[in-house]
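Asker: My structure is in query18.cif, and what it holds is mmCIF, C-alpha atoms:
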data_final
#
loop_
_atom_site.label_atom_id
_atom_site.label_comp_id
_atom_site.auth_asym_id
_atom_site.auth_seq_id
_atom_site.Cartn_x
_atom_site.Cartn_y
_atom_site.Cartn_z
CA GLY A 1 34.21 79.43 -35.64
CA GLY A 2 30.94 80.16 -37.36
CA VAL A 3 27.73 81.59 -36.01
CA PRO A 4 24.64 79.35 -36.00
CA ALA A 5 22.36 80.26 -38.91
CA LEU A 6 19.35 80.54 -36.59
CA LEU A 7 20.97 83.60 -34.96
CA ALA A 8 21.13 85.55 -38.20
CA CYS A 9 18.34 87.87 -39.29
CA ARG A 10 19.19 89.15 -42.73
CA GLY A 11 17.55 91.75 -44.93
CA ARG A 12 18.61 93.05 -48.32
CA CYS A 13 17.67 95.99 -50.50
CA LEU A 14 18.82 97.19 -53.90
CA SER A 15 18.50 100.90 -54.64
CA MET A 16 19.32 102.84 -57.82
CA LEU A 17 20.82 106.33 -57.78
CA LEU A 18 21.80 108.43 -60.78
CA LEU A 19 25.51 107.81 -60.41
CA PHE A 20 25.57 104.79 -58.13
CA ARG A 21 23.92 101.49 -57.42
CA LEU A 22 23.56 100.55 -53.76
CA ASP A 23 23.66 96.97 -52.53
CA ALA A 24 22.60 96.98 -48.87
CA ALA A 25 22.08 94.22 -46.33
CA ALA A 26 21.81 93.89 -42.57
CA VAL A 27 22.66 91.10 -40.16
CA VAL A 28 21.53 91.01 -36.52
CA LEU A 29 23.09 88.54 -34.08
CA PRO A 30 21.40 88.78 -30.67
CA HIS A 31 23.19 88.41 -27.36
CA PRO A 32 23.22 84.67 -26.52
CA ASP A 33 20.72 85.25 -23.71
CA LYS A 34 18.34 87.24 -25.95
CA VAL A 35 17.97 84.99 -28.98
CA ALA A 36 14.36 84.12 -28.10
CA THR A 37 13.28 87.79 -28.22
CA GLY A 38 15.49 88.74 -31.18
CA GLY A 39 17.68 91.06 -29.12
CA GLU A 40 17.32 94.79 -28.55
CA ASP A 41 18.81 96.24 -31.76
CA ALA A 42 16.85 97.41 -34.79
CA TRP A 43 17.58 98.76 -38.26
CA PHE A 44 15.96 99.99 -41.46
CA ALA A 45 16.93 100.57 -45.08
CA ARG A 46 14.55 102.89 -46.95
CA GLY A 47 15.76 103.78 -50.42
CA SER A 48 19.07 105.52 -49.86
CA THR A 49 18.54 106.25 -46.15
CA PHE A 50 19.70 103.81 -43.49
CA GLY A 51 19.47 103.57 -39.72
CA VAL A 52 20.48 101.44 -36.75
CA PHE A 53 19.12 101.63 -33.21
CA ASP A 54 20.24 100.01 -29.94
CA GLY A 55 17.72 99.60 -27.13
CA VAL A 56 19.16 100.46 -23.71
CA GLY A 57 19.30 97.22 -21.77
CA GLY A 58 18.64 98.74 -18.34
CA TRP A 59 14.89 98.71 -19.03
CA ALA A 60 14.92 94.93 -18.72
CA GLU A 61 15.49 95.36 -14.99
CA GLN A 62 11.98 96.87 -14.86
CA GLY A 63 10.48 94.01 -16.82
CA ILE A 64 10.38 95.98 -20.08
CA ASP A 65 11.76 94.57 -23.35
CA PRO A 66 14.12 97.31 -24.63
CA GLY A 67 13.76 95.95 -28.16
CA LEU A 68 10.14 97.05 -28.38
CA PHE A 69 11.14 100.72 -28.30
CA SER A 70 14.10 100.44 -30.70
CA ARG A 71 12.08 98.48 -33.26
CA ALA A 72 9.16 100.91 -33.06
CA LEU A 73 11.48 103.88 -33.53
CA ALA A 74 13.10 102.19 -36.54
CA VAL A 75 9.71 101.63 -38.18
CA GLU A 76 8.55 105.19 -37.59
CA THR A 77 11.84 106.73 -38.71
CA ALA A 78 11.77 104.71 -41.94
CA ARG A 79 8.34 106.19 -42.65
CA GLU A 80 9.53 109.71 -41.98
CA VAL A 81 12.58 109.57 -44.27
CA ALA A 82 10.59 108.32 -47.27
CA GLY A 83 10.19 111.87 -48.53
CA ILE A 84 13.92 112.53 -48.94
CA GLU A 85 14.81 109.44 -50.97
CA GLY A 86 17.46 110.34 -53.55
CA ALA A 87 17.31 114.04 -52.70
CA GLU A 88 19.95 116.16 -51.03
CA ALA A 89 19.22 115.91 -47.30
CA ALA A 90 20.15 118.62 -44.85
CA GLU A 91 21.20 117.73 -41.33
CA GLU A 92 17.95 119.14 -40.02
CA ASP A 93 15.95 116.77 -42.27
CA LEU A 94 17.34 113.75 -40.44
CA ALA A 95 16.87 115.37 -37.03
CA ARG A 96 13.30 116.33 -37.88
CA ALA A 97 12.52 112.81 -39.10
CA LEU A 98 13.94 111.29 -35.92
CA ASP A 99 12.11 113.70 -33.62
CA THR A 100 8.80 113.15 -35.41
CA ALA A 101 9.30 109.41 -35.30
CA ARG A 102 10.04 109.58 -31.59
CA SER A 103 6.79 111.47 -30.98
CA ARG A 104 4.85 108.64 -32.59
CA VAL A 105 6.35 105.81 -30.55
CA THR A 106 4.15 104.73 -27.65
CA ALA A 107 6.40 101.95 -26.36
CA VAL A 108 8.37 102.56 -23.16
CA GLY A 109 12.15 102.58 -23.40
CA THR A 110 15.15 104.42 -24.80
CA CYS A 111 17.67 103.75 -27.55
CA THR A 112 20.59 105.15 -29.49
CA ALA A 113 20.20 106.10 -33.16
CA CYS A 114 22.44 106.45 -36.19
CA LEU A 115 21.03 107.65 -39.53
CA VAL A 116 22.88 108.02 -42.84
CA HIS A 117 21.47 109.39 -46.10
CA LEU A 118 23.11 109.14 -49.52
CA SER A 119 21.92 111.53 -52.22
CA ALA A 120 21.77 110.90 -55.96
CA SER A 121 24.90 113.02 -56.40
CA GLY A 122 26.87 110.98 -53.86
CA SER A 123 26.74 113.31 -50.89
CA LEU A 124 26.54 111.69 -47.46
CA THR A 125 24.66 113.22 -44.54
CA ALA A 126 24.61 111.52 -41.15
CA LEU A 127 23.21 112.02 -37.68
CA ASN A 128 24.47 109.96 -34.75
CA LEU A 129 23.12 110.04 -31.21
CA GLY A 130 24.80 107.75 -28.68
CA ASP A 131 27.29 104.93 -29.14
CA SER A 132 26.04 103.24 -32.28
CA GLY A 133 27.72 104.69 -35.35
CA PHE A 134 28.92 104.52 -38.93
CA ARG A 135 32.17 104.08 -40.83
CA LEU A 136 32.83 104.91 -44.48
CA LEU A 137 35.51 102.55 -45.81
CA ARG A 138 37.42 103.02 -49.07
CA PRO A 139 39.56 100.38 -50.80
CA SER A 140 43.11 101.35 -51.70
CA ARG A 141 43.72 102.09 -55.37
CA VAL A 142 47.27 100.83 -55.05
CA SER A 143 48.75 97.60 -53.73
CA PRO A 144 47.22 95.78 -51.92
CA PRO A 145 44.07 96.64 -53.89
CA HIS A 146 41.56 95.44 -51.29
CA ARG A 147 43.09 97.12 -48.26
CA LEU A 148 40.47 99.31 -46.61
CA ALA A 149 40.88 102.71 -44.99
CA VAL A 150 38.34 104.59 -42.88
CA THR A 151 37.66 107.91 -44.58
CA LEU A 152 34.80 109.12 -42.36
CA ARG A 153 33.65 107.97 -38.94
CA SER A 154 31.18 108.95 -36.23
CA ARG A 155 32.24 109.43 -32.64
CA GLU A 156 30.34 107.95 -29.73
CA GLN A 157 28.43 110.23 -27.39
CA GLN A 158 28.26 109.26 -23.72
CA HIS A 159 27.17 111.07 -20.58
CA ARG A 160 29.57 108.79 -18.70
CA PHE A 161 31.14 105.41 -19.26
CA ASN A 162 28.61 102.94 -20.71
CA CYS A 163 25.79 105.51 -20.50
CA PRO A 164 25.19 106.74 -24.06
CA PHE A 165 23.07 109.62 -25.30
CA GLN A 166 19.63 108.14 -25.97
CA LEU A 167 16.12 108.98 -27.12
CA GLY A 168 13.02 107.97 -25.24
CA VAL A 169 11.16 107.93 -21.96
CA GLY A 170 12.82 109.92 -19.19
CA SER A 171 15.78 111.00 -21.33
CA GLY A 172 16.72 114.64 -21.67
CA ASP A 173 18.41 113.97 -25.00
CA SER A 174 16.84 114.84 -28.34
CA ALA A 175 17.79 114.45 -31.98
CA ALA A 176 19.24 117.96 -31.87
CA ASP A 177 21.90 116.64 -29.45
CA GLY A 178 23.18 114.20 -32.05
CA ALA A 179 26.43 114.83 -33.91
CA VAL A 180 26.12 115.56 -37.63
CA TYR A 181 28.51 114.54 -40.39
CA SER A 182 28.84 115.11 -44.12
CA GLY A 183 31.00 113.63 -46.83
CA VAL A 184 31.06 112.26 -50.36
CA VAL A 185 30.95 108.63 -51.47
CA ARG A 186 32.39 107.13 -54.61
CA ALA A 187 32.04 103.81 -56.39
CA GLY A 188 33.82 101.06 -54.45
CA ASP A 189 33.12 102.51 -51.01
CA LEU A 190 31.63 100.50 -48.16
CA LEU A 191 29.30 102.21 -45.72
CA LEU A 192 28.83 100.48 -42.38
CA LEU A 193 26.19 101.31 -39.77
CA VAL A 194 26.76 99.31 -36.59
CA THR A 195 25.64 99.08 -33.00
CA ASP A 196 28.19 99.04 -30.19
CA GLY A 197 28.22 95.26 -30.19
CA VAL A 198 30.65 95.74 -33.08
CA THR A 199 32.72 98.72 -31.94
CA ASP A 200 33.02 97.54 -28.33
CA ASN A 201 34.60 94.31 -29.55
CA LEU A 202 36.53 95.13 -32.72
CA SER A 203 39.00 97.91 -33.49
CA GLU A 204 38.80 99.70 -36.82
CA ARG A 205 41.77 97.68 -38.02
CA GLN A 206 39.99 94.43 -37.10
CA ILE A 207 36.81 95.63 -38.82
CA CYS A 208 38.74 96.27 -42.03
CA GLU A 209 40.51 92.90 -41.76
CA ALA A 210 37.20 91.05 -41.32
CA LEU A 211 35.89 92.58 -44.55
CA ALA A 212 39.02 92.31 -46.70
CA GLY A 213 38.55 88.66 -47.71
CA PRO A 214 34.87 88.82 -48.74
CA LEU A 215 35.53 92.11 -50.53
CA ALA A 216 38.45 90.64 -52.48
CA ARG A 217 36.17 87.80 -53.58
CA GLY A 218 33.57 90.27 -54.81
CA GLU A 219 30.93 89.04 -52.38
CA PRO A 220 27.67 90.98 -51.94
CA ALA A 221 26.74 93.23 -49.02
CA ARG A 222 24.91 90.36 -47.32
CA SER A 223 28.13 88.32 -47.10
CA LEU A 224 30.17 91.32 -45.94
CA ALA A 225 27.66 92.10 -43.19
CA ALA A 226 27.56 88.46 -42.12
CA ALA A 227 31.37 88.22 -41.98
CA LEU A 228 31.72 91.33 -39.83
CA ALA A 229 28.84 90.40 -37.53
CA ALA A 230 30.29 86.93 -37.01
CA SER A 231 33.72 88.38 -36.16
CA ALA A 232 32.23 90.80 -33.62
CA HIS A 233 29.98 88.12 -32.11
CA GLU A 234 32.88 85.72 -31.72
CA ALA A 235 35.13 88.41 -30.21
CA SER A 236 32.43 89.40 -27.72
CA LEU A 237 32.48 85.91 -26.21
CA GLN A 238 36.25 85.69 -25.70
CA PRO A 239 37.04 86.46 -22.04
CA GLY A 240 40.80 86.88 -22.34
CA ARG A 241 41.17 89.08 -25.39
CA SER A 242 41.95 92.76 -25.62
CA SER A 243 38.92 94.78 -26.69
CA PRO A 244 37.96 98.44 -27.18
CA PHE A 245 35.41 98.06 -24.37
CA ALA A 246 38.03 96.74 -21.95
CA ALA A 247 40.32 99.66 -22.83
CA ALA A 248 37.50 102.16 -22.29
CA ALA A 249 36.65 100.58 -18.93
CA GLN A 250 40.26 100.88 -17.85
CA ASN A 251 40.31 104.55 -18.89
CA ALA A 252 37.24 105.05 -16.69
CA GLY A 253 39.01 103.47 -13.74
CA LEU A 254 37.13 100.19 -13.97
CA SER A 255 38.31 96.63 -14.46
CA HIS A 256 37.08 94.60 -17.41
CA SER A 257 38.81 91.88 -19.35
CA GLY A 258 37.86 90.39 -22.69
CA GLY A 259 35.01 91.17 -25.04
CA LYS A 260 31.57 92.49 -24.16
CA PRO A 261 28.70 90.11 -24.98
CA ASP A 262 25.98 92.14 -26.67
CA ASP A 263 23.59 92.26 -29.59
CA VAL A 264 25.52 92.78 -32.83
CA THR A 265 23.99 94.63 -35.77
CA VAL A 266 25.79 95.37 -39.04
CA LEU A 267 24.14 97.24 -41.91
CA CYS A 268 26.52 97.18 -44.88
CA VAL A 269 26.04 99.29 -48.03
CA ARG A 270 28.20 98.69 -51.08
CA VAL A 271 28.41 101.75 -53.35
CA LEU A 272 28.67 100.40 -56.90
CA ASP A 273 29.10 102.09 -60.27
CA GLY A 274 25.66 102.84 -61.64
CA SER A 275 26.67 102.59 -65.29
#
Could I get this file's structure written as structure tokens?

Answerer:
Amino acid sequence: GGVPALLACRGRCLSMLLLFRLDAAAVVLPHPDKVATGGEDAWFARGSTFGVFDGVGGWAEQGIDPGLFSRALAVETAREVAGIEGAEAAEEDLARALDTARSRVTAVGTCTACLVHLSASGSLTALNLGDSGFRLLRPSRVSPPHRLAVTLRSREQQHRFNCPFQLGVGSGDSAADGAVYSGVVRAGDLLLLVTDGVTDNLSERQICEALAGPLARGEPARSLAAALAASAHEASLQPGRSSPFAAAAQNAGLSHSGGKPDDVTVLCVRVLDGS
């Protein structure tokens, strides 16, 4: 089934690098109960630097909209990374940008953060704090030609089950606690930044399967992001299915069946030949 158009919040950017052209787009599908407020996720795309943020929902119990903090941090982080557009970024550049952005946010709340920077030479630098994350997907060069493989991935950081590392009020975590990653992209790659509304509901195999069709048809990043977000959103609402979140709950000694309804954010970046 499809997702109602009114739930989708799409943005698109086109960025030129020396060797590559980047087609980037984001889709946000709020939790069904949070459509009116737009949900608690946030994202930015600034040149060749990208970020996703997931507001921690527990603040709602105190009457605070968790989305206010995540959106403010996204705005401030986008401002801070403007100076490294196209350049080689060191891990500390992303951490410094995130820490400075955090110091400028006055809203109350906490959120996870995942930042990825692509340089003009094709190097990838990433910082991930919490249980949002990124995946770098690469199409097979042999048969079948549009089969995707994950060549680089972030790992979630949690203090305990369903309690991720987070930045903000009352948290002892900082950007320096985030995990750092580096790699190299090439033309044809797909970079995904997602909140846990995706990874709690879809396995990596299911993520690749959701993207295979649109990729084979040569569809733009906007369509790829929409296809993956719709798959995750639909899976989150199925009570009887097997899900990564249900498996993690079982490993923690808890009982959970089916998907996990949540905000779903997908930021998809297609790395295209710049020639």

Asker: When distances are computed from all atoms listed in the file, which of A:Cys111, A:Leu68, A:Ala216, A:Leu193 shows the smallest separation from A:Pro164?

Answerer: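 Checking each candidate against A:Pro164, we get A:Cys111 as the closest.
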
Asker: I would like the residues chosen by the PyMOL selection byres ((chain A and resi 171) around 12) on the shown file; could you give them as a PyMOL selection string?

Answerer: chain A and resi 56+102+108-112+159+163-170+172-175+177

Asker: Using all atoms listed in the file, which residue out of A:Ala252, A:Val28, A:Leu224, A:Ala78 lies closest to A:Leu115?

Answerer: A:Ala78

Asker: Which of these, A:Ala36, A:Val194, A:Leu215, A:Ala246, has the shortest distance to A:Ala229 once you count all atoms listed in the file?

Answerer: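 Ranking A:Ala36, A:Val194, A:Leu215, A:Ala246 by distance to A:Ala229, first place goes to A:Val194.
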
Asker: Give me, as a PDB file with C-alpha atoms, in the coordinates of the input, all polymer residues having an atom no more than 8 Å from A:Ser257, counting only C-alpha atoms and skipping those fewer than 4 positions away in the same chain.

Answerer:
ATOM      1  CA  PRO A 239      37.040  86.460 -22.040  1.00  0.00           C
ATOM      2  CA  GLY A 240      40.800  86.880 -22.340  1.00  0.00           C
ATOM      3  CA  ARG A 241      41.170  89.080 -25.390  1.00  0.00           C
ATOM      4  CA  SER A 242      41.950  92.760 -25.620  1.00  0.00           C
ATOM      5  CA  SER A 243      38.920  94.780 -26.690  1.00  0.00           C
ATOM      6  CA  ALA A 246      38.030  96.740 -21.950  1.00  0.00           C
TER       7      ALA A 246
END

Asker: Ranking A:Trp59, A:Phe50, A:Trp43, A:Phe134 by minimum distance to A:Leu22 and counting all atoms listed in the file, which one comes first?

Answerer: A:Phe50

Asker: Please write the residues picked by the PyMOL selection byres ((chain A and resi 51) around 12) on this file as JSON, numbers by chain.

Answerer: {"A": [24, 25, 26, 41, 42, 43, 44, 45, 46, 47, 48, 49, 50, 52, 53, 54, 70, 71, 73, 74, 75, 76, 77, 78, 79, 80, 81, 94, 97, 98, 112, 113, 114, 115, 116, 117, 118, 125, 126, 127, 128, 129, 132, 133, 134, 191, 192, 193, 194, 195, 265, 266, 267, 268, 269]}

Asker: Using the chain letters and numbers from the file, give me the residues hit by the PyMOL selection byres ((chain A and resi 248) around 12), as a PyMOL selection string.

Answerer: chain A and resi 156+158+160-162+199-201+242-247+249-260

Asker: Show which residues sit within 10 Å of A:Val185, as JSON, numbers by chain. Count all atoms listed in the file, and ignore same-chain residues fewer than 6 positions away.

Answerer: {"A": [20, 118, 119, 121, 122, 123, 124, 136, 137, 138, 151, 152, 191, 271]}

Asker: Kindly give the distance, in Å, that separates atom CA of A:Val105 and atom CA of A:Gly67, rounded to a single decimal.

Answerer: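 The value is 12.6 Å.
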
Asker: Could you tell me how far atom CA of A:Ala187 sits from atom CA of A:Arg270, in Å to one decimal place?

Answerer: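 Straight-line distance from atom CA of A:Arg270 to atom CA of A:Ala187 works out to 8.3 Å.
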
Asker: Contacts of A:Arg147 at 8 Å or less, counting all atoms listed in the file, minus same-chain residues fewer than 6 places along, as a list in words?

Answerer: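 Using all atoms listed in the file, the neighbours found are Pro139, Ser140, Cys208 and Ala212 of chain A.
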
Asker: Just give me the gap between atom CA of A:Val180 and atom CA of A:Gly58 in Å, one decimal is fine.

Answerer: 26.7 Å

Asker: Pick the closest to A:Glu209 from A:Leu148, A:Ala225, A:Leu190, A:Ala101: which is it, counting only C-alpha atoms?

Answerer: A:Leu148

Asker: Need to verify the contact set: A:Val198, 9 Å, all atoms listed in the file, exclusion of same-chain residues closer than 5 positions in sequence. Can you return it as a list in words?

Answerer: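 Neighbouring residues, sequence-local ones excluded: Ser132, Ser203, Ile207, Leu228, Ala229, Ser231, Ala232, His233, Ser236, Asp262, Asp263, Val264, Thr265 and Val266 of chain A.
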